[in-house]
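See below for input.txt, which holds compact mmCIF, C-alpha atoms.
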```txt
# COMPACT_ATOMS: atom_id res chain seq x y z
CA MET Z 1040 -18.39 -52.95 125.78
CA ASN Z 1041 -19.12 -49.52 127.19
CA LYS Z 1042 -22.89 -49.26 127.27
CA LYS Z 1043 -23.24 -45.55 127.93
CA MET Z 1044 -25.43 -43.52 125.64
CA VAL Z 1045 -23.49 -43.48 122.43
CA THR Z 1046 -23.11 -40.74 119.86
CA ILE Z 1047 -25.98 -40.08 117.52
CA ILE Z 1048 -24.53 -41.52 114.32
CA ALA Z 1049 -23.38 -44.67 116.11
CA ALA Z 1050 -26.70 -45.05 117.87
CA LEU Z 1051 -28.62 -44.87 114.62
CA ALA Z 1052 -26.24 -46.64 112.30
CA MET Z 1053 -25.38 -49.72 114.34
CA CYS Z 1054 -27.88 -51.65 116.44
CA THR Z 1055 -25.10 -53.31 118.40
CA ALA Z 1056 -23.78 -49.90 119.47
CA MET Z 1057 -27.07 -48.86 121.02
CA ALA Z 1058 -27.21 -48.46 124.76
CA GLY Z 1059 -27.78 -51.78 126.50
CA CYS Z 1060 -27.41 -53.85 123.34
CA SER Z 1061 -24.68 -56.47 123.00
CA GLU Z 1062 -23.81 -58.50 119.92
CA SER Z 1063 -25.83 -61.40 121.28
CA ASP Z 1064 -28.80 -59.25 122.23
CA THR Z 1065 -31.82 -58.56 120.17
CA ALA Z 1066 -34.20 -56.05 121.39
CA SER Z 1067 -39.60 -55.36 121.82
CA SER Z 1068 -41.20 -52.37 120.42
CA SER Z 1069 -41.52 -49.35 122.63
CA LYS Z 1070 -44.61 -49.51 124.79
CA ALA Z 1071 -44.82 -45.74 125.11
CA GLU Z 1072 -47.53 -43.86 123.30
CA THR Z 1073 -47.22 -40.34 121.91
CA THR Z 1074 -49.69 -37.51 121.69
CA THR Z 1075 -49.20 -36.54 118.07
CA THR Z 1076 -49.02 -39.17 115.31
CA THR Z 1077 -47.25 -38.33 112.09
CA THR Z 1078 -47.42 -40.13 108.77
CA ALA Z 1079 -46.06 -43.62 109.35
CA ALA Z 1080 -43.72 -43.86 106.40
CA ALA Z 1081 -42.21 -41.61 103.80
CA GLU Z 1082 -43.39 -42.46 100.31
CA SER Z 1083 -39.87 -42.01 99.05
CA ALA Z 1084 -37.16 -44.26 100.45
CA ALA Z 1085 -34.35 -41.76 100.11
CA PRO Z 1086 -33.77 -38.00 99.83
CA VAL Z 1087 -32.46 -38.25 96.29
CA GLU Z 1088 -32.33 -34.89 94.61
CA SER Z 1089 -33.02 -34.32 90.98
CA THR Z 1090 -30.02 -33.85 88.74
CA ALA Z 1091 -31.74 -30.82 87.30
CA ASP Z 1092 -31.11 -27.36 88.69
CA GLU Z 1093 -32.97 -26.99 91.98
CA SER Z 1094 -34.29 -23.66 90.80
CA SER Z 1095 -36.49 -25.63 88.42
CA ALA Z 1096 -38.21 -27.29 91.38
CA ASP Z 1097 -41.61 -25.77 92.05
CA SER Z 1098 -40.83 -24.20 95.42
CA THR Z 1099 -44.02 -22.11 95.48
CA SER Z 1100 -46.29 -24.53 93.69
CA THR Z 1101 -50.00 -23.83 93.45
CA ASN Z 1102 -50.76 -27.33 92.17
CA ALA Z 1103 -53.28 -29.30 94.19
CA GLY Z 1104 -51.69 -31.77 96.58
CA THR Z 1105 -48.29 -30.08 96.60
CA THR Z 1106 -46.77 -27.51 98.94
CA ASP Z 1107 -46.33 -23.77 99.28
CA TYR Z 1108 -42.86 -24.25 100.80
CA ASP Z 1109 -40.27 -21.85 99.41
CA VAL Z 1110 -36.78 -23.34 99.31
CA ASP Z 1111 -35.33 -19.83 99.16
CA GLY Z 1112 -37.61 -18.35 101.79
CA ASP Z 1113 -37.14 -17.76 105.52
CA PHE Z 1114 -39.49 -20.44 106.82
CA ARG Z 1115 -37.90 -23.72 107.91
CA ALA Z 1116 -40.02 -26.67 109.00
CA PHE Z 1117 -37.21 -27.82 111.30
CA GLU Z 1118 -37.33 -24.56 113.24
CA GLN Z 1119 -41.09 -24.95 113.68
CA MET Z 1120 -40.58 -28.50 114.96
CA LYS Z 1121 -37.75 -27.35 117.21
CA ASP Z 1122 -39.88 -24.64 118.80
CA LYS Z 1123 -42.51 -27.24 119.64
CA TYR Z 1124 -40.44 -30.23 120.73
CA GLU Z 1125 -36.84 -29.39 121.57
CA GLY Z 1126 -36.08 -30.55 125.11
CA ASN Z 1127 -39.42 -32.32 125.49
CA TYR Z 1128 -40.27 -35.09 123.07
CA LEU Z 1129 -40.80 -38.80 122.53
CA ALA Z 1130 -40.13 -40.08 119.04
CA ASN Z 1131 -40.59 -43.58 117.66
CA LEU Z 1132 -38.62 -44.42 114.51
CA THR Z 1133 -38.37 -47.43 112.23
CA GLY Z 1134 -35.18 -48.19 110.34
CA GLN Z 1135 -35.24 -48.58 106.58
CA MET Z 1136 -32.76 -49.96 104.05
CA SER Z 1137 -29.79 -51.46 105.98
CA ASN Z 1138 -31.62 -51.02 109.30
CA ASN Z 1139 -34.91 -52.32 107.94
CA GLY Z 1140 -37.41 -53.09 110.68
CA THR Z 1141 -35.28 -51.92 113.58
CA LYS Z 1142 -37.33 -49.90 116.05
CA TYR Z 1143 -35.96 -46.92 117.98
CA ALA Z 1144 -37.54 -44.86 120.73
CA ILE Z 1145 -35.99 -41.65 122.05
CA CYS Z 1146 -37.39 -39.64 124.94
CA ILE Z 1147 -35.83 -36.37 126.09
CA LYS Z 1148 -36.90 -34.00 128.86
CA ASP Z 1149 -35.22 -31.69 131.40
CA GLY Z 1150 -31.75 -33.18 130.99
CA LYS Z 1151 -33.08 -36.73 131.24
CA ALA Z 1152 -33.07 -39.29 128.45
CA TYR Z 1153 -34.34 -42.70 127.41
CA GLN Z 1154 -33.08 -44.71 124.44
CA ALA Z 1155 -34.59 -48.01 123.34
CA LEU Z 1156 -33.73 -50.37 120.52
CA THR Z 1157 -35.97 -53.21 119.36
CA VAL Z 1158 -34.73 -55.95 117.05
CA GLN Z 1159 -36.65 -59.14 116.28
CA GLY Z 1160 -39.12 -58.60 119.09
CA MET Z 1161 -36.69 -57.99 121.95
CA LYS Z 1162 -35.71 -54.70 123.52
CA SER Z 1163 -32.64 -53.14 125.09
CA TYR Z 1164 -32.74 -49.68 126.59
CA THR Z 1165 -30.81 -47.13 128.60
CA VAL Z 1166 -32.25 -44.60 131.01
CA CYS Z 1167 -30.54 -41.44 132.18
CA PRO Z 1168 -32.92 -40.30 134.96
CA GLY Z 1169 -30.81 -37.40 136.21
CA ASP Z 1170 -29.52 -39.09 139.36
CA GLY Z 1171 -25.94 -39.33 138.15
CA LYS Z 1172 -26.34 -42.89 136.85
CA LEU Z 1173 -27.02 -44.67 133.56
CA TYR Z 1174 -29.21 -47.75 133.74
CA ASN Z 1175 -28.64 -50.24 130.90
CA VAL Z 1176 -31.29 -52.94 130.63
CA SER Z 1177 -31.51 -55.90 128.27
CA GLU Z 1178 -34.86 -57.65 128.06
CA GLY Z 1179 -33.23 -60.27 125.86
CA THR Z 1180 -30.83 -61.48 128.54
CA THR Z 1181 -32.79 -60.10 131.54
CA THR Z 1182 -29.63 -58.38 132.73
CA TYR Z 1183 -28.70 -54.83 133.64
CA SER Z 1184 -25.70 -52.67 134.44
CA ILE Z 1185 -25.31 -49.28 136.08
CA GLU Z 1186 -22.70 -46.72 135.15
CA ASP Z 1187 -21.83 -43.20 136.20
CA ASP Z 1188 -23.33 -40.36 134.18
CA ASP Z 1189 -21.19 -37.28 133.63
CA GLY Z 1190 -24.30 -35.15 133.17
CA ASN Z 1191 -23.98 -34.90 129.39
CA GLN Z 1192 -25.14 -38.31 128.21
CA TRP Z 1193 -28.64 -37.08 127.48
CA LYS Z 1194 -27.24 -34.74 124.85
CA SER Z 1195 -25.84 -37.65 122.86
CA ALA Z 1196 -29.24 -39.30 122.99
CA ASP Z 1197 -31.01 -36.26 121.53
CA ILE Z 1198 -31.13 -37.60 118.00
CA LEU Z 1199 -33.46 -35.02 116.50
CA PHE Z 1200 -31.89 -31.83 117.84
CA GLY Z 1201 -28.68 -32.55 119.71
CA ALA Z 1202 -26.24 -32.58 116.78
CA THR Z 1203 -27.95 -30.29 114.27
CA LEU Z 1204 -25.99 -27.22 113.23
CA ASP Z 1205 -26.59 -24.78 110.40
CA PHE Z 1206 -29.08 -25.09 107.57
CA ASP Z 1207 -27.50 -26.05 104.26
CA HIS Z 1208 -30.29 -26.23 101.70
CA ALA Z 1209 -33.79 -27.51 101.03
CA TYR Z 1210 -35.27 -29.58 98.25
CA ILE Z 1211 -38.86 -30.50 97.35
CA ASP Z 1212 -39.61 -33.98 96.08
CA THR Z 1213 -42.62 -33.10 93.95
CA THR Z 1214 -43.48 -36.75 93.33
CA THR Z 1215 -44.12 -37.40 97.04
CA ASN Z 1216 -44.76 -33.86 98.31
CA VAL Z 1217 -41.94 -34.23 100.82
CA VAL Z 1218 -39.89 -31.18 101.83
CA GLN Z 1219 -36.31 -32.20 102.56
CA GLU Z 1220 -34.21 -29.87 104.71
CA TYR Z 1221 -30.47 -30.53 104.92
CA TYR Z 1222 -28.47 -29.51 108.02
CA ASN Z 1223 -24.82 -29.99 108.89
CA LEU Z 1224 -23.96 -32.18 111.86
CA ASP Z 1225 -21.97 -31.14 114.91
CA SER Z 1226 -19.27 -33.83 114.89
CA SER Z 1227 -18.48 -33.26 118.57
CA VAL Z 1228 -21.95 -34.60 119.38
CA SER Z 1229 -22.75 -36.86 116.44
CA GLY Z 1230 -19.39 -38.64 116.43
CA GLY Z 1231 -18.69 -37.87 112.79
CA GLU Z 1232 -18.97 -35.30 110.01
CA GLY Z 1233 -21.95 -35.29 107.71
CA GLN Z 1234 -25.50 -34.06 107.32
CA ILE Z 1235 -28.90 -34.86 108.75
CA VAL Z 1236 -31.88 -34.61 106.43
CA TYR Z 1237 -35.38 -34.03 107.76
CA GLY Z 1238 -38.26 -35.04 105.49
CA PHE Z 1239 -41.48 -33.14 106.19
CA ASP Z 1240 -44.96 -33.55 104.79
CA GLY Z 1241 -45.32 -30.68 102.34
CA ALA Z 1242 -48.86 -29.89 103.46
CA THR Z 1243 -48.69 -30.26 107.26
CA TYR Z 1244 -44.92 -30.06 107.90
CA ASP Z 1245 -45.16 -33.12 110.14
CA LEU Z 1246 -41.85 -34.98 110.31
CA LYS Z 1247 -41.97 -38.11 108.16
CA GLN Z 1248 -38.36 -39.19 107.73
CA VAL Z 1249 -34.87 -38.71 109.14
CA VAL Z 1250 -31.76 -39.55 107.12
CA LEU Z 1251 -28.13 -39.48 108.25
CA LEU Z 1252 -25.58 -38.84 105.50
CA PRO Z 1253 -22.06 -39.48 106.85
CA GLU Z 1254 -19.34 -37.37 105.25
CA GLY Z 1255 -17.86 -39.04 102.18
CA ALA Z 1256 -20.43 -41.83 102.09
CA ASP Z 1257 -22.70 -42.48 99.13
CA GLU Z 1258 -26.44 -42.78 99.44
CA SER Z 1259 -26.23 -46.56 99.88
CA SER Z 1260 -24.37 -45.94 103.14
CA ALA Z 1261 -26.88 -43.43 104.46
CA VAL Z 1262 -29.07 -44.36 107.43
CA TYR Z 1263 -32.81 -44.01 106.82
CA PHE Z 1264 -35.65 -43.85 109.33
CA THR Z 1265 -39.35 -43.25 109.01
CA VAL Z 1266 -41.07 -41.45 111.86
CA ASP Z 1267 -43.88 -43.55 113.30
CA SER Z 1268 -44.97 -41.03 115.93
CA MET Z 1269 -43.80 -37.95 117.75
CA GLY Z 1270 -45.19 -36.15 120.76
CA GLU Z 1271 -44.35 -34.82 124.19
CA ALA Z 1272 -42.06 -36.77 126.51
CA ASP Z 1273 -43.44 -39.61 128.63
CA ASP Z 1274 -42.19 -39.03 132.19
CA SER Z 1275 -42.64 -42.69 133.09
CA LEU Z 1276 -39.84 -43.63 130.69
CA LEU Z 1277 -37.42 -41.26 132.41
CA ALA Z 1278 -37.71 -42.74 135.90
CA VAL Z 1279 -35.25 -45.17 137.48
CA PRO Z 1280 -36.30 -48.55 136.03
CA ASP Z 1281 -37.60 -51.42 138.15
CA LEU Z 1282 -34.77 -53.94 138.05
CA SER Z 1283 -36.23 -56.50 140.42
CA ALA Z 1284 -36.69 -59.08 137.66
CA TYR Z 1285 -33.19 -58.58 136.20
CA THR Z 1286 -29.72 -59.88 137.05
CA LYS Z 1287 -26.82 -57.47 137.44
CA GLU Z 1288 -23.96 -58.05 135.03
```
Hey, can you dump this file as structure tokens for me?
Amino acid sequence: MNKKMVTIIAALAMCTAMAGCSESDTASSSKAETTTTTTAAAESAAPVESTADESSADSTSTNAGTTDYDVDGDFRAFEQMKDKYEGNYLANLTGQMSNNGTKYAICIKDGKAYQALTVQGMKSYTVCPGDGKLYNVSEGTTTYSIEDDDGNQWKSADILFGATLDFDHAYIDTTTNVVQEYYNLDSSVSGGEGQIVYGFDGATYDLKQVVLLPEGADESSAVYFTVDSMGEADDSLLAVPDLSAYTKE
């Protein structure tokens, strides 16, 4: 199995496709801490839109506890998040639905990347430290491998920004006060056609949820993640890992 940093959809949709994870591996939660904590879980499990006309949604609601977001306006919460974090972030995600309980950590900075996957208390991760190599480490089997990096692997690891193209539309879930922004995916990066949906808190615009909607798939095939925390990158995760306690494959 090629353990290089895989495309975004594959990395999120299949735990066995994650860097450093084999079919026999299970992977422990990320030890990194972030500087800004967002709401731990979206109150709504899925970005299901009302069958009613979206124009009936209260996009400029003045009701207490809702949002002043305008679905037809110029402001986009994704762009605000992008200005703050693109190219320098650490995000911790938890899988929902089919990926329930799976933990993901993604750290991106200055062309370097770190991906970690935790399943049933054991972790596998890949580091792209910018030295021309990829370091794949399995804590489950205490093994590692090293591969050549073509200089672009970090882009595939950039789950939040690396494959996002043009804005499609926005929707407000008035029952949970979640603003859902839909963007088309760049298939050359994501590995497949589809959309990525960002769920933001309607009051603070903190990221609460990320959903991948592969082209042609129904909502039961979508990949759901809640955002546990998000902040600036942790440089310690992007260094060449200490492999002294591991066996080379």
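If all atoms listed in the file are the atoms counted, then among Z:Ala1196, Z:Leu1204, Z:Met1120, Z:Ala1242 the closest residue to Lys1148 of chain Z is Z:Ala1196.
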Pick from Z:Glu1125, Z:Tyr1183, Z:Gln1234, Z:Val1110, whichever lies nearest to Ala1261 of chain Z using all atoms listed in the file: Z:Gln1234
Using atom CA of Cys1167 of chain Z and atom CA of Lys1194 of chain Z as the two end points, give the distance in Å to one decimal.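 Interatomic distance, atom CA of Cys1167 of chain Z to atom CA of Lys1194 of chain Z: 10.5 Å.
Nearest residue to Tyr1108 of chain Z, choosing from Z:Gln1219, Z:Ser1268, Z:Asn1175, Z:Ser1226 and counting all atoms listed in the file: Z:Gln1219.
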Which residues of segment 1170-1221 of chain Z come within 9 Å of segment 1149-1158 of chain Z, and what is each one's closest atom pair and distance in Å (one decimal), counting all atoms listed in the file, sorted by chain and residue number, as a Markdown table?
```
| residue | atom | partner | partner_atom | distance |
| --- | --- | --- | --- | --- |
| Z:Gly1190 | CA | Z:Gly1150 | CA | 8.0 |
| Z:Asn1191 | CA | Z:Gly1150 | CA | 8.1 |
| Z:Gln1192 | CA | Z:Ala1152 | CA | 8.0 |
| Z:Trp1193 | CA | Z:Ala1152 | CA | 5.0 |
| Z:Lys1194 | CA | Z:Gly1150 | CA | 7.8 |
| Z:Ala1196 | CA | Z:Ala1152 | CA | 6.7 |
| Z:Asp1197 | CA | Z:Ala1152 | CA | 7.8 |
```
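The coordinates place atom CA of Phe1114 of chain Z at 28.2 Å from atom CA of Ala1144 of chain Z.
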Atomic separation - atom CA of Val1217 of chain Z relative to atom CA of Thr1141 of chain Z, Å: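 Those two atoms sit 22.8 Å apart.
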Could you name the residues that touch Lys1287 of chain Z at 9 Å or less, counting only C-alpha atoms, but leaving out those on the same chain fewer than 2 positions away, as a list in words?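 Everything that qualifies: Thr1181, Thr1182, Tyr1183, Ser1184, Ile1185, Leu1282 and Tyr1285 of chain Z.
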Quick one: residues within 12 Å of Lys1121 of chain Z, all atoms listed in the file, excluding same-chain residues fewer than 2 positions away - as a PyMOL selection string? chain Z and resi 1115-1119+1123-1128+1197+1199-1201+1203+1237+1245-1246
Is it possible to add all heavy atoms to segment 1229-1240 of chain Z and hand it back as a compact mmCIF listing (two decimals), keeping the file's coordinate frame?
```
# COMPACT_ATOMS: atom_id res chain seq x y z
N SER Z 1229 -22.30 -35.75 117.27
CA SER Z 1229 -22.75 -36.86 116.44
C SER Z 1229 -21.71 -37.97 116.33
O SER Z 1229 -22.04 -39.11 116.03
CB SER Z 1229 -23.09 -36.36 115.04
OG SER Z 1229 -21.91 -35.92 114.37
N GLY Z 1230 -20.44 -37.63 116.56
CA GLY Z 1230 -19.39 -38.64 116.43
C GLY Z 1230 -18.80 -38.72 115.04
O GLY Z 1230 -17.96 -39.58 114.76
N GLY Z 1231 -19.24 -37.87 114.13
CA GLY Z 1231 -18.69 -37.87 112.79
C GLY Z 1231 -19.24 -36.73 111.96
O GLY Z 1231 -20.30 -36.17 112.27
N GLU Z 1232 -18.52 -36.36 110.90
CA GLU Z 1232 -18.97 -35.30 110.01
C GLU Z 1232 -20.09 -35.82 109.11
O GLU Z 1232 -20.21 -37.02 108.85
CB GLU Z 1232 -17.81 -34.81 109.13
CG GLU Z 1232 -16.61 -34.29 109.90
CD GLU Z 1232 -16.86 -32.91 110.49
OE1 GLU Z 1232 -17.86 -32.28 110.08
OE2 GLU Z 1232 -16.06 -32.48 111.34
N GLY Z 1233 -20.91 -34.90 108.63
CA GLY Z 1233 -21.95 -35.29 107.71
C GLY Z 1233 -23.14 -34.36 107.79
O GLY Z 1233 -23.04 -33.23 108.28
N GLN Z 1234 -24.27 -34.84 107.30
CA GLN Z 1234 -25.50 -34.06 107.32
C GLN Z 1234 -26.65 -34.91 107.84
O GLN Z 1234 -26.64 -36.14 107.74
CB GLN Z 1234 -25.84 -33.54 105.92
CG GLN Z 1234 -24.89 -32.46 105.42
CD GLN Z 1234 -25.35 -31.87 104.09
OE1 GLN Z 1234 -25.82 -32.58 103.21
NE2 GLN Z 1234 -25.23 -30.55 103.96
N ILE Z 1235 -27.65 -34.23 108.37
CA ILE Z 1235 -28.90 -34.86 108.75
C ILE Z 1235 -29.98 -34.23 107.89
O ILE Z 1235 -30.01 -33.01 107.70
CB ILE Z 1235 -29.19 -34.71 110.25
CG1 ILE Z 1235 -30.47 -35.47 110.64
CG2 ILE Z 1235 -29.25 -33.25 110.68
CD1 ILE Z 1235 -30.67 -35.59 112.14
N VAL Z 1236 -30.83 -35.07 107.33
CA VAL Z 1236 -31.88 -34.61 106.43
C VAL Z 1236 -33.23 -34.91 107.09
O VAL Z 1236 -33.50 -36.05 107.48
CB VAL Z 1236 -31.81 -35.32 105.07
CG1 VAL Z 1236 -32.84 -34.72 104.10
CG2 VAL Z 1236 -30.41 -35.23 104.49
N TYR Z 1237 -34.04 -33.88 107.22
CA TYR Z 1237 -35.38 -34.03 107.76
C TYR Z 1237 -36.38 -33.99 106.62
O TYR Z 1237 -36.38 -33.04 105.82
CB TYR Z 1237 -35.70 -32.90 108.74
CG TYR Z 1237 -34.76 -32.80 109.91
CD1 TYR Z 1237 -33.62 -31.98 109.85
CD2 TYR Z 1237 -34.98 -33.52 111.08
CE1 TYR Z 1237 -32.75 -31.88 110.93
CE2 TYR Z 1237 -34.12 -33.43 112.17
CZ TYR Z 1237 -33.01 -32.60 112.08
OH TYR Z 1237 -32.15 -32.51 113.15
N GLY Z 1238 -37.23 -35.01 106.52
CA GLY Z 1238 -38.26 -35.04 105.49
C GLY Z 1238 -39.61 -34.71 106.09
O GLY Z 1238 -40.10 -35.42 106.98
N PHE Z 1239 -40.21 -33.62 105.64
CA PHE Z 1239 -41.48 -33.14 106.19
C PHE Z 1239 -42.60 -33.27 105.16
O PHE Z 1239 -42.37 -33.06 103.96
CB PHE Z 1239 -41.37 -31.67 106.60
CG PHE Z 1239 -40.39 -31.40 107.69
CD1 PHE Z 1239 -39.09 -30.99 107.39
CD2 PHE Z 1239 -40.75 -31.54 109.02
CE1 PHE Z 1239 -38.18 -30.73 108.40
CE2 PHE Z 1239 -39.85 -31.28 110.04
CZ PHE Z 1239 -38.56 -30.87 109.73
N ASP Z 1240 -43.78 -33.58 105.65
CA ASP Z 1240 -44.96 -33.55 104.79
C ASP Z 1240 -45.14 -32.14 104.26
O ASP Z 1240 -45.16 -31.17 105.03
CB ASP Z 1240 -46.19 -33.98 105.60
CG ASP Z 1240 -47.44 -34.04 104.76
OD1 ASP Z 1240 -47.96 -32.97 104.38
OD2 ASP Z 1240 -47.93 -35.15 104.51
```
